[in-house]
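Trainee: File final_5.txt follows (compact mmCIF, C-alpha atoms):
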# COMPACT_ATOMS: atom_id res chain seq x y z
CA MET O 1 121.78 -28.41 11.25
CA SER O 2 120.15 -28.26 14.61
CA ARG O 3 119.38 -24.57 14.13
CA ARG O 4 117.63 -25.31 10.80
CA SER O 5 115.41 -27.98 12.27
CA LYS O 6 114.48 -25.65 15.12
CA ARG O 7 113.42 -22.94 12.67
CA LYS O 8 111.30 -25.44 10.74
CA LEU O 9 109.62 -26.54 13.92
CA SER O 10 108.64 -23.01 14.93
CA GLY O 11 107.20 -22.47 11.42
CA GLU O 12 104.98 -25.51 11.81
CA VAL O 13 103.65 -24.19 15.09
CA ASN O 14 102.68 -20.85 13.49
CA LEU O 15 100.79 -22.53 10.68
CA GLY O 16 98.69 -24.59 13.08
CA PHE O 17 94.97 -23.98 13.65
CA GLN O 18 94.39 -21.20 16.16
CA ILE O 19 91.29 -21.63 18.29
CA ALA O 20 91.30 -18.21 20.00
CA PRO O 21 90.79 -16.01 16.87
CA MET O 22 88.10 -18.41 15.68
CA ILE O 23 86.19 -17.97 18.93
CA ASP O 24 86.59 -14.19 18.60
CA VAL O 25 85.06 -14.27 15.13
CA VAL O 26 82.24 -16.59 16.17
CA PHE O 27 81.48 -14.30 19.11
CA VAL O 28 81.28 -11.25 16.86
CA ILE O 29 78.98 -13.04 14.39
CA MET O 30 76.81 -14.27 17.24
CA LEU O 31 76.54 -10.79 18.75
CA TYR O 32 75.49 -9.45 15.36
CA PHE O 33 72.71 -12.00 15.00
CA MET O 34 71.62 -11.51 18.63
CA VAL O 35 71.22 -7.77 18.06
CA MET O 36 69.44 -8.31 14.75
CA ALA O 37 67.05 -10.82 16.33
CA GLY O 38 65.52 -8.06 18.46
CA ALA O 39 64.81 -5.85 15.47
CA VAL O 40 63.36 -8.47 13.19
CA GLN O 41 59.99 -7.61 11.67
CA VAL O 42 57.62 -10.48 11.08
CA GLU O 43 54.95 -10.21 8.47
CA ASN O 44 51.58 -11.52 9.64
CA ALA O 45 48.28 -11.72 7.83
CA HIS O 46 44.52 -11.31 8.30
CA ASN O 47 42.75 -13.94 6.22
CA THR O 48 39.30 -13.42 4.81
CA LYS O 49 37.07 -14.52 1.95
CA LEU O 50 35.54 -12.31 -0.69
CA PRO O 51 31.72 -12.33 -0.59
CA GLY O 52 29.57 -14.25 -3.02
CA THR O 53 32.33 -16.19 -4.70
CA VAL O 54 32.64 -19.29 -2.55
CA ALA O 55 30.43 -22.22 -3.54
CA THR O 56 29.04 -24.33 -0.71
CA GLU O 57 27.39 -27.74 -0.84
CA THR O 58 25.17 -27.27 2.19
CA ASP O 59 22.71 -24.55 3.12
CA THR O 60 24.31 -21.67 4.90
CA PRO O 61 22.40 -20.47 7.98
CA MET O 62 21.92 -16.73 7.94
CA PRO O 63 24.24 -15.29 10.56
CA ASP O 64 23.77 -12.13 12.61
CA GLU O 65 25.18 -9.44 10.41
CA ILE O 66 27.04 -6.54 11.88
CA ALA O 67 28.05 -3.51 9.87
CA VAL O 68 31.26 -1.67 10.65
CA ARG O 69 31.74 1.65 8.92
CA ILE O 70 35.03 3.50 8.71
CA GLU O 71 34.83 7.20 7.91
CA ASP O 72 37.44 9.23 6.07
CA ASP O 73 38.76 10.72 9.32
CA GLY O 74 39.18 7.27 10.88
CA GLN O 75 36.02 7.28 13.04
CA VAL O 76 34.69 3.75 13.43
CA TYR O 77 30.93 3.07 13.60
CA LEU O 78 29.45 -0.21 14.82
CA ASN O 79 25.91 -0.44 13.41
CA ASP O 80 25.82 3.38 13.10
CA ASP O 81 27.04 3.97 16.67
CA PRO O 82 30.30 5.91 16.79
CA LEU O 83 32.85 4.18 19.04
CA ASP O 84 36.26 5.39 20.20
CA THR O 85 38.05 8.41 18.80
CA PRO O 86 39.65 8.46 15.34
CA GLU O 87 43.06 8.56 17.08
CA ALA O 88 42.54 5.43 19.21
CA LYS O 89 44.58 2.79 17.44
CA GLN O 90 43.66 0.00 19.85
CA LEU O 91 39.88 0.74 19.59
CA PRO O 92 39.08 -0.39 23.19
CA GLU O 93 35.30 0.36 23.19
CA PHE O 94 34.86 -1.22 19.77
CA THR O 95 36.79 -4.32 20.84
CA ASN O 96 34.75 -4.69 24.06
CA ASN O 97 31.49 -4.44 22.12
CA LEU O 98 32.70 -7.05 19.65
CA LYS O 99 33.79 -9.36 22.48
CA GLN O 100 30.30 -9.12 24.03
CA LEU O 101 28.74 -9.82 20.63
CA HIS O 102 31.01 -12.80 20.17
CA ASP O 103 30.15 -14.16 23.65
CA SER O 104 26.39 -13.75 23.11
CA SER O 105 26.58 -15.37 19.70
CA MET O 106 28.51 -18.29 21.19
CA ALA O 107 25.82 -18.64 23.86
CA SER O 108 23.02 -18.67 21.29
CA LYS O 109 25.09 -20.84 18.92
CA SER O 110 24.67 -18.41 16.07
CA GLU O 111 27.41 -16.96 13.95
CA VAL O 112 28.43 -13.35 13.68
CA LEU O 113 29.24 -11.95 10.27
CA VAL O 114 30.97 -8.61 10.17
CA THR O 115 30.87 -6.53 7.02
CA ILE O 116 33.32 -3.66 6.76
CA TYR O 117 32.22 -0.60 4.85
CA ALA O 118 35.27 1.57 4.42
CA ASN O 119 34.85 5.05 2.99
CA GLU O 120 36.88 5.88 -0.09
CA LEU O 121 39.45 8.03 1.67
CA ALA O 122 39.68 6.07 4.90
CA ARG O 123 43.25 4.96 5.49
CA TYR O 124 44.11 1.32 4.91
CA GLU O 125 45.91 1.43 8.27
CA ARG O 126 42.53 2.08 9.93
CA VAL O 127 41.00 -0.90 8.12
CA VAL O 128 43.81 -3.06 9.52
CA ASP O 129 43.18 -1.58 13.02
CA VAL O 130 39.57 -2.77 12.71
CA LEU O 131 40.71 -6.20 11.49
CA ASP O 132 43.10 -6.35 14.47
CA ALA O 133 40.25 -5.53 16.87
CA LEU O 134 38.13 -8.23 15.22
CA SER O 135 40.83 -10.84 15.67
CA ARG O 136 41.20 -9.78 19.33
CA ALA O 137 37.45 -10.40 19.73
CA GLU O 138 37.97 -13.78 18.01
CA ILE O 139 35.59 -12.96 15.18
CA SER O 140 36.86 -14.60 12.03
CA ASN O 141 33.80 -14.21 9.81
CA VAL O 142 34.73 -10.92 8.20
CA THR O 143 33.90 -9.66 4.78
CA PHE O 144 34.00 -6.42 2.86
CA GLN O 145 31.41 -4.31 1.16
CA ALA O 146 30.50 -6.07 -2.08
CA GLY O 147 30.18 -4.56 -5.52
CA SER O 148 32.00 -1.88 -7.33
CA PRO O 149 33.14 1.03 -5.21
CA GLU O 150 32.84 3.34 -8.21
CA MET X 151 89.65 -37.35 40.94
CA ALA X 152 89.54 -40.09 38.37
CA GLY X 153 86.81 -39.74 35.79
CA GLY X 154 85.94 -36.19 36.86
CA GLY X 155 84.96 -33.79 34.07
CA GLY X 156 88.30 -32.38 33.07
CA GLY X 157 89.73 -32.55 36.54
CA GLY X 158 93.47 -32.10 36.72
CA GLU X 159 95.95 -33.69 39.05
CA SER X 160 95.59 -30.80 41.50
CA GLY X 161 91.79 -31.19 41.72
CA GLU X 162 91.14 -27.90 39.95
CA PRO X 163 88.63 -28.31 37.03
CA GLU X 164 90.20 -27.33 33.71
CA PHE X 165 88.57 -25.05 31.20
CA GLN X 166 87.43 -27.17 28.23
CA ILE X 167 87.41 -25.34 24.91
CA ALA X 168 85.66 -27.98 22.78
CA PRO X 169 82.24 -28.01 24.60
CA MET X 170 82.32 -24.23 24.69
CA ILE X 171 82.69 -24.11 20.90
CA ASP X 172 79.81 -26.57 20.57
CA VAL X 173 77.54 -24.36 22.65
CA LEU X 174 78.68 -21.24 20.78
CA LEU X 175 77.93 -22.77 17.40
CA VAL X 176 74.49 -23.94 18.52
CA LEU X 177 73.69 -20.42 19.76
CA LEU X 178 75.02 -18.96 16.51
CA ILE X 179 72.86 -21.24 14.38
CA PHE X 180 69.81 -20.45 16.55
CA PHE X 181 70.18 -16.70 16.14
CA MET X 182 70.94 -17.04 12.43
CA SER X 183 67.78 -19.05 11.86
CA ILE X 184 65.45 -16.70 13.74
CA THR X 185 66.75 -13.58 12.01
CA SER X 186 66.46 -15.01 8.52
CA ALA X 187 63.15 -16.87 8.96
CA GLU X 188 61.05 -14.16 7.39
CA VAL X 189 62.67 -13.19 4.15
CA LEU X 190 59.64 -12.57 1.98
CA LYS X 191 59.04 -10.85 -1.28
CA VAL X 192 59.21 -7.62 0.68
CA ASP X 193 58.85 -4.34 -1.13
CA LYS X 194 61.01 -1.82 0.74
CA LYS X 195 58.92 1.10 -0.51
CA ILE X 196 55.87 -0.15 1.35
CA THR X 197 55.31 0.55 5.04
CA LEU X 198 52.95 -2.13 6.21
CA PRO X 199 50.29 -1.22 8.78
CA ILE X 200 50.94 -2.57 12.27
CA SER X 201 48.72 -5.25 13.68
CA ALA X 202 49.90 -7.17 16.72
CA HIS X 203 47.09 -9.73 16.67
CA ALA X 204 47.27 -10.81 13.05
CA LYS X 205 47.73 -14.51 12.47
CA LYS X 206 51.11 -16.03 11.73
CA ARG X 207 51.47 -16.98 8.09
CA ASP X 208 50.86 -20.62 7.43
CA PRO X 209 54.02 -22.15 5.94
CA GLU X 210 51.84 -24.79 4.24
CA MET X 211 50.11 -22.05 2.26
CA SER X 212 53.26 -20.19 1.27
CA LYS X 213 53.56 -21.99 -2.05
CA HIS X 214 49.93 -21.14 -2.89
CA GLU X 215 50.36 -17.44 -2.16
CA ILE X 216 50.72 -14.60 -4.60
CA ALA X 217 51.63 -11.18 -3.23
CA ILE X 218 50.12 -8.01 -4.63
CA ASN X 219 52.12 -5.00 -3.50
CA ILE X 220 50.34 -1.65 -3.54
CA ARG X 221 52.64 1.34 -3.19
CA TRP X 222 51.31 4.79 -2.38
CA ASP X 223 52.89 7.97 -3.65
CA SER X 224 51.51 10.63 -1.29
CA LYS X 225 53.04 13.49 -3.32
CA GLN X 226 51.16 12.58 -6.47
CA ASN X 227 48.25 10.89 -4.68
CA LYS X 228 48.74 7.86 -6.86
CA SER X 229 49.02 4.17 -6.20
CA LEU X 230 51.16 1.66 -8.04
CA LEU X 231 50.44 -2.03 -8.17
CA LEU X 232 53.26 -4.56 -8.39
CA VAL X 233 53.09 -8.32 -8.72
CA ASP X 234 56.31 -10.34 -8.87
CA ASP X 235 58.26 -7.08 -9.39
CA ILE X 236 56.22 -6.22 -12.49
CA ALA X 237 54.32 -2.93 -12.28
CA TYR X 238 50.75 -2.77 -13.55
CA PRO X 239 49.87 0.91 -14.17
CA ALA X 240 46.55 -0.24 -15.66
CA ILE X 241 45.35 -2.58 -12.94
CA SER X 242 42.87 -4.44 -15.15
CA ASP X 243 45.88 -5.94 -17.00
CA LEU X 244 46.37 -8.12 -13.94
CA ILE X 245 43.09 -10.07 -14.38
CA PRO X 246 44.34 -12.46 -17.11
CA TYR X 247 47.43 -13.24 -15.00
CA LEU X 248 45.30 -13.94 -11.91
CA LYS X 249 42.96 -16.16 -13.93
CA GLU X 250 45.93 -18.09 -15.32
CA ARG X 251 47.38 -18.62 -11.85
CA ARG X 252 43.97 -19.62 -10.48
CA ALA X 253 43.56 -22.22 -13.24
CA LYS X 254 46.87 -23.80 -12.23
CA ASP X 255 46.27 -23.73 -8.47
CA ASP X 256 42.93 -24.32 -6.72
CA LYS X 257 44.16 -23.19 -3.33
CA LEU X 258 45.57 -19.90 -4.58
CA ARG X 259 45.54 -17.12 -2.02
CA VAL X 260 46.20 -13.47 -2.72
CA VAL X 261 48.17 -11.56 -0.10
CA ILE X 262 47.47 -7.85 -0.32
CA ARG X 263 50.48 -5.88 0.88
CA GLY X 264 49.30 -2.30 0.97
CA ASP X 265 51.03 0.79 2.29
CA LYS X 266 49.49 2.04 5.54
CA LEU X 267 48.67 5.44 4.01
CA LEU X 268 46.75 3.91 1.14
CA PRO X 269 43.11 5.06 0.81
CA ALA X 270 40.63 2.21 1.33
CA ILE X 271 39.24 2.68 -2.19
CA GLU X 272 42.53 1.48 -3.68
CA VAL X 273 42.34 -1.72 -1.64
CA GLN X 274 38.69 -2.07 -2.66
CA ARG X 275 39.70 -1.82 -6.33
CA VAL X 276 42.29 -4.54 -5.89
CA MET X 277 39.74 -6.73 -4.08
CA ASN X 278 37.31 -6.30 -7.01
CA LEU X 279 40.14 -7.25 -9.34
CA VAL X 280 40.92 -10.37 -7.33
CA GLY X 281 37.22 -11.29 -7.38
CA GLU X 282 37.14 -10.87 -11.16
CA GLY X 283 40.16 -13.13 -11.36
CA GLY X 284 38.06 -15.82 -9.69
CA ILE X 285 39.95 -15.86 -6.38
CA ALA X 286 38.03 -15.67 -3.11
CA ASP X 287 40.76 -16.35 -0.61
CA ILE X 288 42.56 -13.15 0.30
CA SER X 289 44.67 -11.99 3.19
CA PHE X 290 45.94 -8.61 4.30
CA ALA X 291 49.58 -8.40 5.28
CA ALA X 292 50.52 -6.50 8.41
CA SER X 293 53.71 -6.03 10.38
CA ASN X 294 54.10 -7.11 14.02
CA LYS X 295 55.82 -3.84 14.99
Please re-express this file's structure in structure tokens.

Mentor:
Amino acid sequence: MSRRSKRKLSGEVNLGFQIAPMIDVVFVIMLYFMVMAGAVQVENAHNTKLPGTVATETDTPMPDEIAVRIEDDGQVYLNDDPLDTPEAKQLPEFTNNLKQLHDSSMASKSEVLVTIYANELARYERVVDVLDALSRAEISNVTFQAGSPE
Amino acid sequence: MAGGGGGGESGEPEFQIAPMIDVLLVLLIFFMSITSAEVLKVDKKITLPISAHAKKRDPEMSKHEIAINIRWDSKQNKSLLLVDDIAYPAISDLIPYLKERRAKDDKLRVVIRGDKLLPAIEVQRVMNLVGEGGIADISFAASNK
């Protein structure tokens, strides 16, 4: 009788909640998420407005317009001046020029409007490089060449 | 040693399992939330261009956004437009859908998710399409790395 009750007791102990394996599992899950956190890709966005479609109630002052042209090979032109090489992803000269433009427009309290003219075969990646440079120069008034590209 | 945090009779502090589990679970939830924060309508066949300085997406606007995915097949030099997993081989078929969505939602924004190898003309075509659909607010999706 005493032997039976002893066996029952040991069975109850084995069925009890084990904390150590739970911590092991939680550690493994946490390590997984920690590793994945470093590789996570976040999707960001460049916001803009299409030209000529937004109705305004007040008169719009004519801003200083700046034309940015992107050639098929990736060469970027600021008002017909070639800046940087087609390989330069960060576009340092272009960004510095834009920063100066932004500063001078802030000083004269006028707005800068940048219009991007991308050639047909220019890569979209290059267009985004230009948008990235514009956001580095804190220019948010960006639009694209209007009309049909055909 | 009365009232000491887990102090035993001998004065040696004991290892407390319960607070450790609390901390572990908090860390676990933190890492889970940051890894799954950006689960978008991502098209795996599109490699987004990289732009480190693009703005973070506004969570307020997420319910007003409609994503236009533009794939690029470099072998056939052909693009394919997808909206809500429906392909539009003739892109002008998308205009009635955009107009319908615009009529329902004034704040509608179109997010253009184009492949980085896409020629600019394809993006230009989509922008014309969006304009014809009566939507002015557009944004270009880019990846942070």

Trainee: Please find the residues of chain O near chain X - the criterion being any atom within 9 Å, counting all atoms listed in the file - and write them as a ChimeraX atom specification.

Mentor: /O:19,23,26-27,29-31,33-34,36-54,72,118-129,131-133,135-136,144-150

Trainee: In Å, how far is it from CA of Glu65 in chain O to CA of Lys89 in chain O?

Mentor: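 Distance reported for this atom pair: 24.0 Å.
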
Trainee: Between CA of Val233 in chain X and CA of Asp256 in chain X, measure the distance and give it in Å to one decimal.

Mentor: 19.1 Å

Trainee: Kindly give the distance, in Å, that separates CA of Lys109 in chain O and CA of Leu83 in chain O, rounded to a single decimal.

Mentor: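 Computed distance, CA of Lys109 in chain O to CA of Leu83 in chain O, equals 26.2 Å.
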
Trainee: Set the distance at 10 Å and use all atoms listed in the file: which residues neighbour Lys213 in chain X once local chain neighbours fewer than 6 positions away are removed? I'd like the list as a ChimeraX atom specification.

Mentor: /X:255,257-259

Trainee: Can you write out the residues you just picked, keeping C-alpha atoms, as a short mmCIF file (atom, residue, chain, number, x, y, z; two decimals), in the frame of the given file?

Mentor:
data_model
loop_
_atom_site.label_atom_id
_atom_site.label_comp_id
_atom_site.auth_asym_id
_atom_site.auth_seq_id
_atom_site.Cartn_x
_atom_site.Cartn_y
_atom_site.Cartn_z
CA ASP X 255 46.27 -23.73 -8.47
CA LYS X 257 44.16 -23.19 -3.33
CA LEU X 258 45.57 -19.90 -4.58
CA ARG X 259 45.54 -17.12 -2.02
#

Trainee: Pick out the closest residue to Met106 in chain O from this set: O:Val28, O:Ile70, O:Ile139, O:Val35. Count all atoms listed in the file.

Mentor: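 Of O:Val28, O:Ile70, O:Ile139, O:Val35, the one nearest Met106 in chain O, counting all atoms listed in the file, is O:Ile139.
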